[in-house]
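Student: Please find model-v2.cif (mmCIF, C-alpha atoms) on the next line:
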```cif
data_target
loop_
_atom_site.label_atom_id
_atom_site.label_comp_id
_atom_site.auth_asym_id
_atom_site.auth_seq_id
_atom_site.Cartn_x
_atom_site.Cartn_y
_atom_site.Cartn_z
CA MET A 1 -4.11 -19.74 38.04
CA TYR A 2 -3.63 -17.11 35.36
CA ALA A 3 -1.52 -14.04 36.07
CA ARG A 4 -3.43 -10.77 36.02
CA THR A 5 -2.17 -8.75 33.05
CA VAL A 6 -1.71 -5.04 33.69
CA SER A 7 -1.01 -2.41 31.07
CA ALA A 8 2.55 -1.83 30.00
CA THR A 9 2.49 1.63 31.58
CA ALA A 10 1.16 0.34 34.88
CA ALA A 11 3.68 -2.49 34.93
CA ALA A 12 6.53 -0.10 34.35
CA LEU A 13 5.32 2.29 37.05
CA LEU A 14 4.76 -0.45 39.59
CA GLY A 15 8.13 -2.01 38.88
CA ALA A 16 9.85 1.33 39.20
CA THR A 17 8.01 2.06 42.45
CA ALA A 18 9.23 -1.20 43.92
CA LEU A 19 12.79 -0.23 43.15
CA LEU A 20 12.40 3.07 44.99
CA LEU A 21 10.99 1.63 48.20
CA PRO A 22 13.22 1.91 51.25
CA ALA A 23 14.95 -1.26 52.38
CA SER A 24 12.66 -1.64 55.38
CA ALA A 25 9.65 -1.84 53.08
CA THR A 26 11.08 -4.47 50.75
CA GLN A 27 12.07 -7.19 53.15
CA ALA A 28 11.49 -10.77 52.05
CA ALA A 29 8.89 -12.90 53.78
CA SER A 30 9.51 -13.40 57.46
CA PRO A 31 11.49 -16.54 58.32
CA SER A 32 9.85 -19.59 59.80
CA GLY A 33 8.76 -19.10 63.37
CA THR A 34 7.19 -15.65 62.99
CA ASP A 35 3.46 -14.90 62.86
CA GLU A 36 3.58 -13.77 59.22
CA PRO A 37 3.24 -16.26 56.36
CA ALA A 38 5.86 -16.63 53.65
CA ILE A 39 5.00 -14.56 50.59
CA ILE A 40 5.63 -16.49 47.38
CA ALA A 41 5.81 -14.61 44.06
CA HIS A 42 3.59 -16.61 41.70
CA ARG A 43 5.50 -17.20 38.46
CA GLY A 44 7.69 -14.37 39.69
CA ALA A 45 6.22 -10.91 40.19
CA SER A 46 3.74 -11.83 37.49
CA ALA A 47 1.37 -8.89 37.90
CA TYR A 48 4.21 -6.60 36.82
CA ALA A 49 6.38 -8.68 34.46
CA PRO A 50 5.70 -11.57 32.05
CA GLU A 51 5.08 -14.74 34.04
CA ASN A 52 7.72 -17.46 34.38
CA THR A 53 10.44 -15.33 32.78
CA LEU A 54 13.78 -14.33 34.26
CA ALA A 55 12.49 -10.75 34.25
CA ALA A 56 9.68 -11.74 36.60
CA ILE A 57 11.95 -13.39 39.16
CA ASP A 58 14.47 -10.56 38.92
CA LEU A 59 11.70 -8.07 39.68
CA ALA A 60 10.53 -10.18 42.63
CA ASP A 61 14.10 -10.07 43.90
CA ARG A 62 14.32 -6.30 43.54
CA MET A 63 11.00 -5.98 45.37
CA GLY A 64 12.51 -7.96 48.24
CA PHE A 65 10.79 -11.35 47.94
CA ALA A 66 12.78 -14.46 48.69
CA TRP A 67 10.33 -17.09 47.41
CA VAL A 68 9.30 -17.53 43.77
CA GLU A 69 7.04 -20.14 42.17
CA ASN A 70 7.28 -21.61 38.68
CA ASP A 71 5.85 -24.28 36.36
CA VAL A 72 7.90 -26.98 34.64
CA GLN A 73 7.05 -28.90 31.45
CA ARG A 74 9.02 -30.95 28.91
CA THR A 75 9.82 -30.31 25.25
CA LYS A 76 9.74 -32.78 22.36
CA ASP A 77 13.46 -33.47 22.76
CA GLY A 78 13.37 -33.84 26.54
CA GLU A 79 14.41 -30.38 27.76
CA LEU A 80 12.61 -28.98 30.80
CA VAL A 81 11.24 -25.47 30.28
CA VAL A 82 9.40 -23.02 32.52
CA VAL A 83 5.90 -22.39 31.16
CA HIS A 84 2.44 -22.60 32.75
CA ASP A 85 0.13 -23.61 29.89
CA ASP A 86 0.73 -26.82 27.95
CA SER A 87 0.39 -24.62 24.84
CA LEU A 88 2.79 -21.81 23.95
CA ALA A 89 0.06 -19.71 22.34
CA ARG A 90 -0.97 -17.43 25.22
CA THR A 91 2.44 -16.25 26.40
CA THR A 92 4.63 -16.32 23.27
CA ASN A 93 4.52 -15.35 19.59
CA VAL A 94 4.51 -19.01 18.53
CA GLU A 95 1.44 -18.53 16.29
CA GLN A 96 3.36 -16.01 14.18
CA VAL A 97 6.67 -17.92 14.13
CA PHE A 98 5.16 -21.38 13.56
CA PRO A 99 1.71 -20.66 12.05
CA GLY A 100 1.03 -24.17 10.82
CA ARG A 101 1.56 -26.05 14.08
CA SER A 102 -1.64 -25.49 16.05
CA PRO A 103 -2.39 -26.07 18.93
CA TRP A 104 1.29 -25.26 19.67
CA ARG A 105 1.79 -27.78 22.47
CA ILE A 106 5.10 -27.61 24.32
CA LYS A 107 5.61 -31.34 23.87
CA ASP A 108 5.52 -30.90 20.08
CA PHE A 109 8.38 -28.36 19.94
CA THR A 110 12.11 -28.77 20.46
CA ALA A 111 13.97 -26.67 23.00
CA ALA A 112 15.80 -24.90 20.17
CA GLU A 113 12.49 -23.91 18.56
CA ILE A 114 11.08 -22.62 21.83
CA ALA A 115 14.26 -20.63 22.43
CA THR A 116 13.48 -18.52 19.34
CA LEU A 117 10.13 -17.34 20.70
CA ASP A 118 9.35 -13.96 22.26
CA ALA A 119 7.79 -14.54 25.68
CA GLY A 120 7.55 -10.89 26.72
CA SER A 121 5.81 -8.79 24.06
CA TRP A 122 2.35 -10.09 24.94
CA PHE A 123 2.71 -8.47 28.35
CA GLY A 124 4.25 -5.16 27.34
CA PRO A 125 6.68 -3.70 24.79
CA GLN A 126 9.34 -3.11 27.43
CA PHE A 127 9.64 -6.91 27.77
CA THR A 128 10.10 -7.59 24.06
CA GLY A 129 12.68 -10.33 23.55
CA ALA A 130 12.19 -12.11 26.86
CA ARG A 131 12.58 -15.85 26.36
CA VAL A 132 11.06 -19.01 27.75
CA PRO A 133 13.78 -20.13 30.19
CA THR A 134 14.93 -23.68 30.54
CA LEU A 135 14.74 -25.07 34.05
CA LYS A 136 18.53 -24.96 34.17
CA GLN A 137 18.59 -21.25 33.29
CA TYR A 138 15.80 -20.56 35.76
CA VAL A 139 17.33 -22.24 38.82
CA ASN A 140 20.69 -20.66 38.09
CA ARG A 141 19.04 -17.22 38.12
CA VAL A 142 17.15 -18.02 41.33
CA ASP A 143 20.46 -19.03 42.87
CA ARG A 144 22.18 -15.87 41.65
CA ASN A 145 19.41 -13.85 43.27
CA HIS A 146 19.73 -15.83 46.53
CA GLN A 147 16.06 -16.72 46.22
CA LYS A 148 14.09 -19.87 47.09
CA LEU A 149 11.98 -21.97 44.74
CA LEU A 150 8.51 -23.50 44.90
CA LEU A 151 8.68 -25.66 41.77
CA GLU A 152 5.48 -27.03 40.25
CA ILE A 153 5.61 -30.08 38.01
CA LYS A 154 2.82 -29.11 35.61
CA LYS A 155 0.51 -31.70 34.02
CA PRO A 156 2.72 -34.72 34.82
CA GLU A 157 0.25 -36.99 32.99
CA LEU A 158 1.55 -35.47 29.73
CA TYR A 159 5.18 -36.19 30.54
CA PRO A 160 5.84 -39.67 31.96
CA GLY A 161 9.00 -39.65 34.04
CA ILE A 162 9.19 -35.88 34.38
CA GLU A 163 9.81 -36.23 38.11
CA LYS A 164 13.08 -38.06 37.45
CA ASP A 165 14.04 -35.49 34.81
CA THR A 166 13.32 -32.61 37.18
CA LEU A 167 15.39 -34.13 39.96
CA ARG A 168 18.23 -34.78 37.50
CA VAL A 169 18.38 -31.13 36.44
CA LEU A 170 18.18 -29.97 40.03
CA ARG A 171 20.99 -32.34 41.00
CA GLU A 172 23.20 -31.25 38.08
CA GLU A 173 22.72 -27.59 39.00
CA GLY A 174 23.51 -28.09 42.69
CA TRP A 175 19.94 -27.84 43.97
CA LEU A 176 19.88 -31.22 45.69
CA ASN A 177 22.73 -30.54 48.07
CA ARG A 178 21.93 -30.34 51.76
CA HIS A 179 21.64 -26.55 51.90
CA HIS A 180 19.23 -26.21 48.98
CA VAL A 181 17.10 -29.16 50.04
CA LYS A 182 16.82 -27.94 53.61
CA HIS A 183 16.34 -24.21 53.02
CA LYS A 184 15.51 -23.33 49.40
CA LEU A 185 13.40 -25.93 47.59
CA VAL A 186 9.85 -27.28 47.58
CA ILE A 187 8.45 -29.41 44.74
CA GLN A 188 4.67 -29.47 44.28
CA SER A 189 2.08 -30.78 41.83
CA PHE A 190 -1.65 -31.24 41.32
CA GLY A 191 -0.85 -34.90 40.63
CA ALA A 192 -0.71 -36.95 43.83
CA ASP A 193 1.21 -39.69 42.00
CA SER A 194 3.75 -37.10 40.86
CA VAL A 195 4.28 -35.86 44.41
CA LYS A 196 4.63 -39.48 45.56
CA ALA A 197 7.22 -40.13 42.84
CA VAL A 198 9.33 -37.18 43.97
CA HIS A 199 9.09 -38.31 47.59
CA GLU A 200 10.05 -41.88 46.71
CA GLN A 201 13.03 -40.83 44.57
CA ARG A 202 14.27 -38.12 46.95
CA PRO A 203 12.70 -38.59 50.39
CA ASP A 204 14.72 -35.65 51.73
CA VAL A 205 13.03 -33.10 49.43
CA THR A 206 10.10 -31.08 50.78
CA THR A 207 6.97 -31.68 48.71
CA GLY A 208 3.53 -30.08 48.37
CA PHE A 209 0.19 -31.30 47.02
CA LEU A 210 -1.88 -28.72 45.15
CA GLY A 211 -5.50 -29.16 46.08
CA THR A 212 -7.97 -29.43 48.92
CA PRO A 213 -8.27 -33.10 49.93
CA PRO A 214 -11.13 -34.03 52.27
CA VAL A 215 -10.11 -33.82 55.92
CA ALA A 216 -10.63 -37.57 56.27
CA ASP A 217 -7.99 -38.18 53.57
CA LEU A 218 -5.32 -35.88 55.01
CA PRO A 219 -3.47 -38.71 56.85
CA LYS A 220 -2.96 -40.47 53.49
CA TYR A 221 -1.44 -37.36 51.94
CA ALA A 222 0.69 -36.71 55.00
CA ARG A 223 2.59 -39.92 54.29
CA PHE A 224 4.19 -38.48 51.13
CA THR A 225 3.91 -34.70 51.36
CA ASP A 226 4.81 -31.84 53.68
CA GLN A 227 2.33 -29.25 52.42
CA ILE A 228 -1.31 -29.07 51.37
CA ASN A 229 -1.59 -26.12 48.99
CA PRO A 230 -5.22 -25.24 48.13
CA THR A 231 -6.85 -22.39 46.25
CA HIS A 232 -7.73 -19.63 48.71
CA THR A 233 -11.41 -19.73 47.76
CA SER A 234 -11.66 -23.26 49.17
CA LEU A 235 -10.11 -22.44 52.54
CA THR A 236 -11.66 -22.09 55.97
CA ALA A 237 -10.03 -21.65 59.35
CA ASP A 238 -11.23 -25.12 60.32
CA TYR A 239 -9.61 -26.69 57.27
CA VAL A 240 -6.26 -25.01 57.97
CA ALA A 241 -6.46 -26.21 61.57
CA ALA A 242 -7.22 -29.76 60.37
CA VAL A 243 -4.15 -29.72 58.13
CA HIS A 244 -2.00 -28.39 60.94
CA ARG A 245 -3.06 -31.27 63.19
CA GLN A 246 -1.28 -33.68 60.84
CA LYS A 247 2.43 -34.40 60.71
CA GLY A 248 3.83 -34.53 57.20
CA ALA A 249 6.28 -36.85 55.52
CA HIS A 250 9.22 -35.42 57.48
CA GLY A 251 7.53 -35.62 60.87
CA LYS A 252 6.81 -31.90 61.07
CA GLN A 253 3.47 -30.10 61.12
CA LEU A 254 1.77 -30.29 57.74
CA GLN A 255 1.75 -26.79 56.24
CA VAL A 256 -0.64 -24.78 54.07
CA ASN A 257 0.41 -22.52 51.19
CA THR A 258 -2.61 -21.03 49.44
CA TRP A 259 -3.05 -19.55 45.93
CA THR A 260 -3.59 -17.25 44.07
CA VAL A 261 -4.18 -14.37 46.51
CA ASN A 262 -4.05 -11.00 44.77
CA THR A 263 -6.02 -8.57 46.95
CA ALA A 264 -5.46 -7.13 50.40
CA ALA A 265 -8.85 -8.43 51.56
CA ALA A 266 -8.10 -11.99 50.49
CA ALA A 267 -4.61 -11.81 52.01
CA THR A 268 -6.01 -10.61 55.34
CA ARG A 269 -8.62 -13.38 55.28
CA VAL A 270 -6.19 -16.27 54.73
CA ASN A 271 -3.65 -14.74 57.10
CA ASP A 272 -6.32 -14.80 59.81
CA PHE A 273 -6.80 -18.50 59.06
CA GLY A 274 -3.14 -19.10 59.99
CA VAL A 275 -1.76 -20.21 56.62
CA ASP A 276 1.99 -20.76 56.36
CA GLY A 277 2.45 -19.24 52.91
CA ILE A 278 0.59 -17.07 50.40
CA ILE A 279 1.19 -17.50 46.67
CA THR A 280 0.45 -14.27 44.81
CA ASN A 281 0.90 -12.36 41.57
CA ASN A 282 0.98 -9.17 43.67
CA PRO A 283 3.49 -9.84 46.43
CA ASP A 284 3.72 -6.18 47.40
CA ILE A 285 -0.02 -5.93 48.04
CA VAL A 286 -0.02 -9.13 50.08
CA ARG A 287 3.05 -8.10 52.06
CA ASP A 288 1.47 -4.82 53.05
CA ALA A 289 -1.80 -6.49 54.02
CA VAL A 290 -0.30 -9.16 56.27
CA SER A 291 2.16 -6.69 57.80
CA GLU A 292 -0.74 -4.52 58.95
#
```
For the structure just supplied, provide its representation as structure tokens.
Tutor:
Amino acid sequence: MYARTVSATAAALLGATALLLPASATQAASPSGTDEPAIIAHRGASAYAPENTLAAIDLADRMGFAWVENDVQRTKDGELVVVHDDSLARTTNVEQVFPGRSPWRIKDFTAAEIATLDAGSWFGPQFTGARVPTLKQYVNRVDRNHQKLLLEIKKPELYPGIEKDTLRVLREEGWLNRHHVKHKLVIQSFGADSVKAVHEQRPDVTTGFLGTPPVADLPKYARFTDQINPTHTSLTADYVAAVHRQKGAHGKQLQVNTWTVNTAAAATRVNDFGVDGIITNNPDIVRDAVSE
């Protein structure tokens, strides 16, 4: 699920355009109970700003999107940081700053070392100096923006116990109170055992499994998760209907959030299937498509 990089000029123009839209055109995703799916900004507005940075979630906020998605991994000294790849090479200048430490795995660097890296220049010069945020910094910014968070525990097999660490940070920052748990937070992972661990440690938290389990296995997943979140290329209307026939871990209809939908045609297709949420690098394009 790599963000589509646009040129610096295009990113600047698109970001500026979003800021000039009238309020009626920049509304966040419709609340539960409407016919439109939630629109979730994948790693922030990652088509127009460097993914998983504060700049990307701030832009999503200015564009009017309530939901953002991120990826969480753990440093050598136990700090949780928001990065997609398990290597820092693609989205930072780590190769220049620490040239002798290939393959530049997150788990081999301390939080202080990662804090020195530029996580914006690769995307465009206007983002020079953007940093890799810690999870604490990230959730505090999401809160400041009055946004909601779809948090992905990335590659949990690399970080034993990361579920407990994630819940600890969320608790310390006020994200496990009743309001946040009920209205603003979903934790997801490709690892079924990771999703189970979150559900066992905090049964009140909404969880999602990233993948497309066989229909026959859906009842097993429904015991520990509330969402089945597949890639959009794997979806059919029949599969979405099969998921919706199940009740999830909290006794409500099992939901479907699909990724990574970046074109109007794909958005229209999955919207017609009846998905509950669409995860996208281009939330403006998806919003316009499902609104039509």
Student: Can you check which parts of stretch 213-243 of chain A lie within 7 Å of stretch 270-278 of chain A? Per residue, the shortest pair of atoms and distance in Å to one decimal, counting all atoms listed in the file, sorted by chain and number, as a Markdown table.
Tutor:
```
| residue | atom | partner | partner_atom | distance |
| --- | --- | --- | --- | --- |
| A:Thr236 | CA | A:Phe273 | CA | 6.8 |
| A:Ala237 | CA | A:Phe273 | CA | 4.5 |
| A:Val240 | CA | A:Phe273 | CA | 6.6 |
```
Student: Go through the shown structure with the PyMOL selection byres ((chain A and resi 87) around 8) and write out the matching residues as a PyMOL selection string.
Tutor: chain A and resi 85-86+88-90+103-106
Student: Considering all atoms listed in the file, return as a PyMOL selection string whatever protein or nucleic-acid residues lie within 8 Å of A:Tyr159, sequence-local ones (same chain, fewer than 4 positions apart) excluded.
Tutor: chain A and resi 73-74+155
Student: Mind writing the picked residues with C-alpha atoms as an mmCIF file, keeping the file's coordinate frame?
Tutor:
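After the write, part29.cif holds the following:
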```cif
data_model
loop_
_atom_site.group_PDB
_atom_site.id
_atom_site.type_symbol
_atom_site.label_atom_id
_atom_site.label_comp_id
_atom_site.auth_asym_id
_atom_site.auth_seq_id
_atom_site.Cartn_x
_atom_site.Cartn_y
_atom_site.Cartn_z
ATOM 1 C CA GLN A 73 7.050 -28.900 31.450
ATOM 2 C CA ARG A 74 9.020 -30.950 28.910
ATOM 3 C CA LYS A 155 0.510 -31.700 34.020
#
```
Student: Measuring between all atoms listed in the file, which one of A:Leu150, A:Ala216, A:Ala249, A:Val169 shows the shortest distance to A:Val186?
Tutor: A:Leu150
Student: Work out how far apart atom CA of A:Leu135 and atom CA of A:His183 are and give it in Å to one decimal.
Tutor: 19.1 Å
Student: Pick the closest to A:Ala197 from A:Ala119, A:Val181, A:Val290, A:Ile162: which is it, counting only C-alpha atoms?
Tutor: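 Using only C-alpha atoms, the shortest distance to A:Ala197 belongs to A:Ile162.
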Student: Report as JSON the centre and the edge lengths, in Å to one decimal, of the axis-aligned box holding every listed atom of stretch 176-193 of chain A, padded by 5 Å on each side.
Tutor:
```
{"center_x": 10.5, "center_y": -31.5, "center_z": 47.1, "size_x": 34.4, "size_y": 26.4, "size_z": 23.0}
```
Student: Please report the interatomic distance between atom CA of A:Ala222 and atom CA of A:Gly191 in Å with one decimal.
Tutor: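 Atom CA of A:Gly191 lies at a distance of 14.6 Å from atom CA of A:Ala222.
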Student: Nearest to A:Phe123 among A:Val82, A:Ala66, A:Ala55, A:Val215, with distances taken over all atoms listed in the file: which residue is it?
Tutor: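 Closest residue, counting all atoms listed in the file: A:Ala55.
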Student: As a check of understanding, name the residues that the PyMOL selection byres ((chain A and resi 248) around 10) selects in the supplied structure, as a list in words.
Tutor: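 For this structure, the PyMOL selection byres ((chain A and resi 248) around 10) captures Thr206, Thr207, Gly208, Leu218, Pro219, Lys220, Tyr221, Ala222, Arg223, Phe224, Thr225, Asp226, Gln227, Ile228, Val243, His244, Arg245, Gln246, Lys247, Ala249, His250, Gly251, Lys252, Gln253, Leu254 and Gln255 of chain A.
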